[in-house]
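Report on one structure; see the data block that follows.
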Amino acid sequence: MILSRSIRTAGLAVLLSTTAGLAGQIWVTNEKDDTVSVIDTDSLEVIQTYETGERPRGITFSKDYSRVYICASDSDAVQVMDPETGEILHDLPSGEDPEQFVLHPDDTHLYIANEDDAITTVVNTQTRKVVAQIDVGVEPEGMAVSPDGKIAITTSETTNMAHWIDTETQELFANTLVDSRPRHAEFAKDGTQMWVSSEIGGTLTVFDTATQMEQAKITFEVQGVHPDRVQPVGFEFTKGDKFAFVALGPSNHVAVVNAETFEVEDYILVGRRVWHMAFNADKTQLFTTNGVSGDVTVVDVASRKAVKSIKVGRFPWGAAFRP
Amino acid sequence: MVRNHIIGASLLLAATASGSSGLAEPNLTVGYLRVEVALAPTLSNLDPIPDDIGIAGARTGLKDNQTTGKFLGHEYTLNTQSVPVDGDVLGAAKEMLGASPYLVLDAPAEVLLQIADLPDAEGALLFNTSAGDIALRDDACRVNLLHSLPSDAMRTDALAQVYVQKRWTDLVMITGTAPHDKAYADAMRRSLTKFGLKLSDEKEWDEAADMRRTASQEIPLFTQSFGDYDAMIVADELQDFGRYVLYNTWAARPVTGSEGLSAVTWSPVIEQWGAAQLQSRFADQNNREMRSQDYAAWAALRTLGEAVTRTNSAEAEALRGYIFSDAFELAGFKGRPLTYRDWNGQLRQPIAVVHPRALVAQAPLDGFLHQTNELDSLGLDRPESKCEAFR
């Protein structure tokens, strides 16, 4: 208790020095409250809570930040919200049980993982029509799209694969095995690399995008935590893709991975069952969603220290930044 | 052997890199043999046992395997047979073993052993999905018999950990007269000793009265002699009288064991660790909730599927080698990778402690440590098991 308070005080000092004057918001979906919490990145307080459909999970903004898309899993819809008012403008057809999605660089096509149906649905956000449905493995979840928009990725949790989708034809052109329960995927280094986290396998796999061959595998070791409980889920890259910050689920830590050497440099203690995360505008602060403790941990990126916990709704899941 | 491995590995690379069906296309056929046993009569008819118990789980596991196999050019087939216990069980087993060395079994312990000892079963991989008998993981183990269902000892160890954590140290037990009840009581006594606990009193349940009408008069009287205690254990694996004990005991104390707070392989109330997805997939496919035996059959199919996926082979020796290697891990929706104990073929797994409406705890509980794997604080650990066949 004494220790945690002293860390918090030290952290706050760091925080004040690095973030003064930067405005922005972090939007967090609360899976068991059917709400989103809006956090001000300046005051580090929840400034708004908006109601959503049932079981909100994936969340992302349109390129101009005028729309926010929310996967309302149990409502079987992707909801489109006006972030100025919190008003739900309309629903998009999403297929059943949409869990996670990614917005194509064309700002129009959403690639949606339908967890219960072993399908990836492609929706045009303008016409509000389903463009394609692609058969993938059991329990699709992680979604990514390459910066040039040519490749979309779906990872399937029980099939243990990354499925590579050609966005031109909307067909699979490769399926690569990864360790158990892949959860999240991201392209890195201008799209030349594709990273996948495996929750039960406890690893991150780095693929060479051109050949879809495995380039590296990253493992984790948190002191005092059994390896079975070190479960990588969400991850994000710092400026220039130098470091990856990786949420390690029930180990309650975020790992800092050097994206050049693939070495783990640090472990940061955050809230319980850390799941996804988002950076602020200049990527000096990281906000992690902690499902079990029902809060968001603010991490100072430079010092790699947790500086504050912010109470949000029940079971915070996804996070997205808005300027 | 070594050469085989290298070829297997390179094929796997070829298959995954190209994303095509690869060169070899393993086709895995699994037999599911149910031995029909007459059910003992119980006081209540409230909870009928589904006709497709176990088989439904195997079917869901098969479907999971097929979806994965589709991307790798691997095919999976499930053949099911159901034979009365006094029918030609061994004939059916021989026939199925002729078609495939992979057999998922729903049968009593003694029948499992007869099948495992068939000459036809040498080198086969048999999965016990129905018998919790400790002996099968102990001196009666067979090298070709794996257990995806937890042993009784794993379940009673899970409850014993709860008693320790809650400091329920003064325990009493009521045991039914059926062999399964007695086996459960024996497992519980063993667990209590293991975790430094003791029973302060025990009684056998041999009442003939129809408890549906008289529980509120009979049970207080029956339990009055226990005096005060911390928790009651009911050994009633047939689900006969236990349900009438709850809320009718003389002392207002929790009821645990086969009834009330129970340690189970699987339960509809498990929703964490992605389990909600398996539950809804199962319910969509089978129009009912998933039970422990369904889970054990699902895990058996998924064990084989995972081994085929990773080895690109359907050869029994290759699959067995992989299943017992460090590389094997089954994502079983229990929050940790599941693996097999190489001393008795038991699938290591967390055990859910539940009541009918919610998950209460998941064993191993925090603080129950182990030198290699906390999951081995449940059931027969390497030094405890007298199994020789795996050495």
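Convention: chains lettered A, B, ... in structure tokens order; per-chain residue numbering from 1; ligands numbered from 1 as shown.
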What's the 6 Å shell around Leu103 of chain B, counting only C-alpha atoms, without same-chain residues fewer than 6 positions away, as a JSON list (two decimals) with N, CA and C atoms, in the first residue's frame?
[["chain", "number", "residue", "atom", "x", "y", "z"],
["B", 30, "VAL", "N", -12.03, -41.40, -36.13],
["B", 30, "VAL", "CA", -12.13, -41.66, -34.69],
["B", 30, "VAL", "C", -13.40, -42.46, -34.43],
["B", 31, "GLY", "N", -13.28, -43.50, -33.63],
["B", 31, "GLY", "CA", -14.45, -44.27, -33.22],
["B", 31, "GLY", "C", -14.95, -43.78, -31.87],
["B", 32, "TYR", "N", -16.25, -43.76, -31.70],
["B", 32, "TYR", "CA", -16.82, -43.43, -30.39],
["B", 32, "TYR", "C", -17.68, -44.61, -29.97],
["B", 126, "LEU", "N", -6.68, -44.83, -26.73],
["B", 126, "LEU", "CA", -8.05, -44.89, -26.22],
["B", 126, "LEU", "C", -8.25, -43.74, -25.24]]
- Task: Please report, as a PyMOL selection string, each residue of segment 157-210 of chain A to which DSSP assigns strand (DSSP E or B) when run on this structure's backbone.
- Result: chain A and resi 161-166+171-177+182-188+193-198+203-208
Dump of C-alpha atoms for the selected residues, as a PDB file, in the first residue's frame:
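Wrote it out as again.pdb, contents follow:
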ATOM      1  CA  MET A 161      -4.352 -19.695 -37.435  1.00  0.00           C
ATOM      2  CA  ALA A 162      -3.825 -16.348 -39.038  1.00  0.00           C
ATOM      3  CA  HIS A 163      -5.938 -16.222 -42.184  1.00  0.00           C
ATOM      4  CA  TRP A 164      -4.570 -13.926 -44.905  1.00  0.00           C
ATOM      5  CA  ILE A 165      -7.303 -12.252 -46.961  1.00  0.00           C
ATOM      6  CA  ASP A 166      -6.683 -10.644 -50.357  1.00  0.00           C
ATOM      7  CA  GLU A 171     -10.552 -14.541 -50.631  1.00  0.00           C
ATOM      8  CA  LEU A 172      -8.000 -16.306 -48.448  1.00  0.00           C
ATOM      9  CA  PHE A 173      -4.586 -16.658 -49.994  1.00  0.00           C
ATOM     10  CA  ALA A 174      -2.715 -18.136 -47.027  1.00  0.00           C
ATOM     11  CA  ASN A 175      -3.376 -19.738 -43.637  1.00  0.00           C
ATOM     12  CA  THR A 176      -0.526 -19.827 -41.149  1.00  0.00           C
ATOM     13  CA  LEU A 177      -0.511 -21.772 -37.902  1.00  0.00           C
ATOM     14  CA  PRO A 182      -4.461 -16.243 -31.231  1.00  0.00           C
ATOM     15  CA  ARG A 183      -6.146 -13.067 -30.029  1.00  0.00           C
ATOM     16  CA  HIS A 184      -4.787  -9.997 -31.762  1.00  0.00           C
ATOM     17  CA  ALA A 185      -2.956  -9.068 -34.965  1.00  0.00           C
ATOM     18  CA  GLU A 186      -1.129  -5.922 -36.117  1.00  0.00           C
ATOM     19  CA  PHE A 187       0.982  -4.974 -39.095  1.00  0.00           C
ATOM     20  CA  ALA A 188       4.291  -3.271 -38.284  1.00  0.00           C
ATOM     21  CA  GLN A 193       5.809  -7.497 -40.684  1.00  0.00           C
ATOM     22  CA  MET A 194       2.625  -8.981 -39.261  1.00  0.00           C
ATOM     23  CA  TRP A 195       2.481  -9.777 -35.535  1.00  0.00           C
ATOM     24  CA  VAL A 196       0.040 -12.171 -33.842  1.00  0.00           C
ATOM     25  CA  SER A 197      -0.420 -12.779 -30.096  1.00  0.00           C
ATOM     26  CA  SER A 198      -1.305 -16.276 -28.804  1.00  0.00           C
ATOM     27  CA  THR A 203       3.792 -16.120 -27.399  1.00  0.00           C
ATOM     28  CA  LEU A 204       3.918 -13.445 -30.066  1.00  0.00           C
ATOM     29  CA  THR A 205       4.683 -14.605 -33.602  1.00  0.00           C
ATOM     30  CA  VAL A 206       6.225 -12.189 -36.104  1.00  0.00           C
ATOM     31  CA  PHE A 207       5.608 -12.985 -39.778  1.00  0.00           C
ATOM     32  CA  ASP A 208       7.370 -11.629 -42.818  1.00  0.00           C
TER      33      ASP A 208
END
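One distance worth recording is that between atom CA of Phe71 of chain B and atom CA of Asp135 of chain A, which is 10.0 Å.
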- May I have the residues of chain A within 10 Å of chain B, counting only C-alpha atoms, written as a ChimeraX atom specification? /A:115-118,135-139,156-161,163-164,172-181,199-202,211-214,226-231,250
- Task: Could you check which of A:Val264, A:Lys189, A:Ser62, A:Tyr111 is closest to Lys242 of chain A, using only C-alpha atoms?
- Result: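 Closest to Lys242 of chain A of all the choices is A:Lys189.
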- Query: Which polymer residues have any atom within 7 Å of an atom of Cys387 of chain B, counting only C-alpha atoms, with same-chain residues fewer than 4 positions away left out, as a VMD selection string?
  - Reply: chain B and resid 137 to 141 343 to 344
Can you write just those residues out, N, CA and C atoms, as a PDB file, in the first residue's frame?
ATOM      1  N   ARG B 137      -5.905 -44.461 -12.980  1.00  0.00           N
ATOM      2  CA  ARG B 137      -4.753 -43.552 -13.048  1.00  0.00           C
ATOM      3  C   ARG B 137      -3.665 -44.027 -12.092  1.00  0.00           C
ATOM      4  N   ASP B 138      -3.918 -45.155 -11.455  1.00  0.00           N
ATOM      5  CA  ASP B 138      -2.999 -45.656 -10.434  1.00  0.00           C
ATOM      6  C   ASP B 138      -2.507 -47.037 -10.873  1.00  0.00           C
ATOM      7  N   ASP B 139      -2.606 -48.049 -10.014  1.00  0.00           N
ATOM      8  CA  ASP B 139      -1.993 -49.338 -10.364  1.00  0.00           C
ATOM      9  C   ASP B 139      -2.707 -50.080 -11.485  1.00  0.00           C
ATOM     10  N   ALA B 140      -3.943 -49.652 -11.840  1.00  0.00           N
ATOM     11  CA  ALA B 140      -4.640 -50.318 -12.943  1.00  0.00           C
ATOM     12  C   ALA B 140      -4.496 -49.549 -14.261  1.00  0.00           C
ATOM     13  N   CYS B 141      -3.542 -48.642 -14.331  1.00  0.00           N
ATOM     14  CA  CYS B 141      -3.405 -47.833 -15.550  1.00  0.00           C
ATOM     15  C   CYS B 141      -2.990 -48.703 -16.731  1.00  0.00           C
ATOM     16  N   TRP B 343       2.959 -39.681 -16.566  1.00  0.00           N
ATOM     17  CA  TRP B 343       3.082 -40.857 -15.685  1.00  0.00           C
ATOM     18  C   TRP B 343       1.802 -41.687 -15.638  1.00  0.00           C
ATOM     19  N   ASN B 344       0.667 -41.138 -16.082  1.00  0.00           N
ATOM     20  CA  ASN B 344      -0.541 -41.973 -16.088  1.00  0.00           C
ATOM     21  C   ASN B 344      -1.567 -41.607 -17.160  1.00  0.00           C
TER      22      ASN B 344
END
Skipping near chain neighbours, those fewer than 4 positions away, what residues fall within 6 Å of segment 21-33 of chain A using only C-alpha atoms, listed as an mmCIF file with C-alpha atoms, in the first residue's frame?
data_model
loop_
_atom_site.group_PDB
_atom_site.id
_atom_site.type_symbol
_atom_site.label_atom_id
_atom_site.label_comp_id
_atom_site.auth_asym_id
_atom_site.auth_seq_id
_atom_site.Cartn_x
_atom_site.Cartn_y
_atom_site.Cartn_z
ATOM 1 C CA SER A 37 -16.462 5.508 -21.017
ATOM 2 C CA VAL A 38 -14.715 8.569 -22.426
ATOM 3 C CA ILE A 39 -11.467 9.482 -20.659
ATOM 4 C CA ASP A 40 -9.846 12.899 -21.023
ATOM 5 C CA THR A 41 -6.115 12.327 -21.595
ATOM 6 C CA ASP A 42 -5.325 15.622 -19.861
ATOM 7 C CA ARG A 55 -21.821 -6.429 -24.866
ATOM 8 C CA PRO A 56 -19.701 -3.767 -26.587
ATOM 9 C CA ARG A 57 -16.193 -4.966 -27.416
ATOM 10 C CA GLY A 313 -17.521 0.474 -16.209
ATOM 11 C CA ARG A 314 -17.683 -3.268 -15.671
ATOM 12 C CA PHE A 315 -15.276 -5.357 -17.704
ATOM 13 C CA PRO A 316 -13.543 -2.750 -19.864
ATOM 14 C CA TRP A 317 -12.501 -4.444 -23.139
ATOM 15 C CA GLY A 318 -11.537 -2.257 -26.124
ATOM 16 C CA ALA A 319 -9.857 1.149 -26.272
ATOM 17 C CA ALA A 320 -9.482 3.739 -29.033
ATOM 18 C CA PHE A 321 -7.982 7.224 -29.217
ATOM 19 C CA ARG A 322 -9.753 10.343 -30.469
ATOM 20 C CA PRO A 323 -8.034 13.755 -30.705
#
- Task: Return the single residue from A:Arg273, A:Leu103, A:Glu54, A:Glu96 that is closest to Arg67 of chain A, with distances computed using only C-alpha atoms.
- Result: A:Leu103
- Query: How would you write, as number ranges by chain, the set of residues in segment 209-299 of chain A that DSSP gives as helix (DSSP H, G or I)?
  - Reply: A: 227-229, 239-241
Long-range neighbours of segment 257-260 of chain A as a JSON list (two decimals) with C-alpha atoms, in the first residue's frame, 10 Å cut-off, only C-alpha atoms, 4 positions minimum in chain:
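For reference, selection-v6.json as written:
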[["chain", "number", "residue", "atom", "x", "y", "z"],
["A", 188, "ALA", "CA", 4.29, -3.27, -38.28],
["A", 189, "LYS", "CA", 7.24, -1.65, -40.07],
["A", 206, "VAL", "CA", 6.23, -12.19, -36.10],
["A", 218, "ILE", "CA", 8.65, -13.86, -28.62],
["A", 219, "THR", "CA", 8.12, -15.49, -25.22],
["A", 220, "PHE", "CA", 7.51, -13.90, -21.85],
["A", 235, "PHE", "CA", -0.61, -5.03, -28.19],
["A", 237, "PHE", "CA", 3.46, -0.14, -31.20],
["A", 238, "THR", "CA", 5.18, 3.02, -30.02],
["A", 240, "GLY", "CA", 8.29, 4.40, -35.34],
["A", 241, "ASP", "CA", 7.31, 0.86, -34.29],
["A", 242, "LYS", "CA", 10.35, 0.77, -31.99],
["A", 243, "PHE", "CA", 8.63, -0.99, -29.12],
["A", 244, "ALA", "CA", 5.55, -3.11, -28.74],
["A", 245, "PHE", "CA", 3.57, -2.83, -25.52],
["A", 246, "VAL", "CA", 1.89, -6.19, -24.94],
["A", 264, "VAL", "CA", 11.44, -8.24, -23.79],
["A", 265, "GLU", "CA", 12.91, -5.26, -21.95],
["A", 266, "ASP", "CA", 10.40, -4.56, -19.19],
["A", 267, "TYR", "CA", 7.28, -5.69, -17.41]]
- Message: as a PyMOL selection string, please: the residues near Phe324 of chain B (cut-off 12 Å, only C-alpha atoms, same-chain neighbours under 4 positions excluded).
- Response: chain B and resi 146+303-304+307+317-320+328-330+338-348+390
Give me, as a compact mmCIF listing (two decimals) with C-alpha atoms, in the first residue's frame, all polymer residues having an atom no more than 10 Å from Ala251 of chain B, counting only C-alpha atoms and skipping those fewer than 4 positions away in the same chain.
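around.txt was written with the following content:
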# COMPACT_ATOMS: atom_id res chain seq x y z
CA PRO B 220 -33.11 -32.51 10.24
CA THR B 223 -28.33 -34.68 10.60
CA GLN B 224 -29.05 -33.64 14.20
CA SER B 225 -26.48 -36.03 15.63
CA PHE B 226 -23.67 -34.23 13.73
CA GLY B 227 -24.03 -31.34 16.19
CA ASP B 228 -22.06 -28.32 15.05
CA TYR B 229 -19.59 -28.43 12.15
CA ASP B 230 -18.30 -26.11 9.39
CA ALA B 231 -19.46 -27.87 6.23
CA MET B 232 -21.22 -31.06 5.20
CA TYR B 247 -31.72 -26.36 3.33
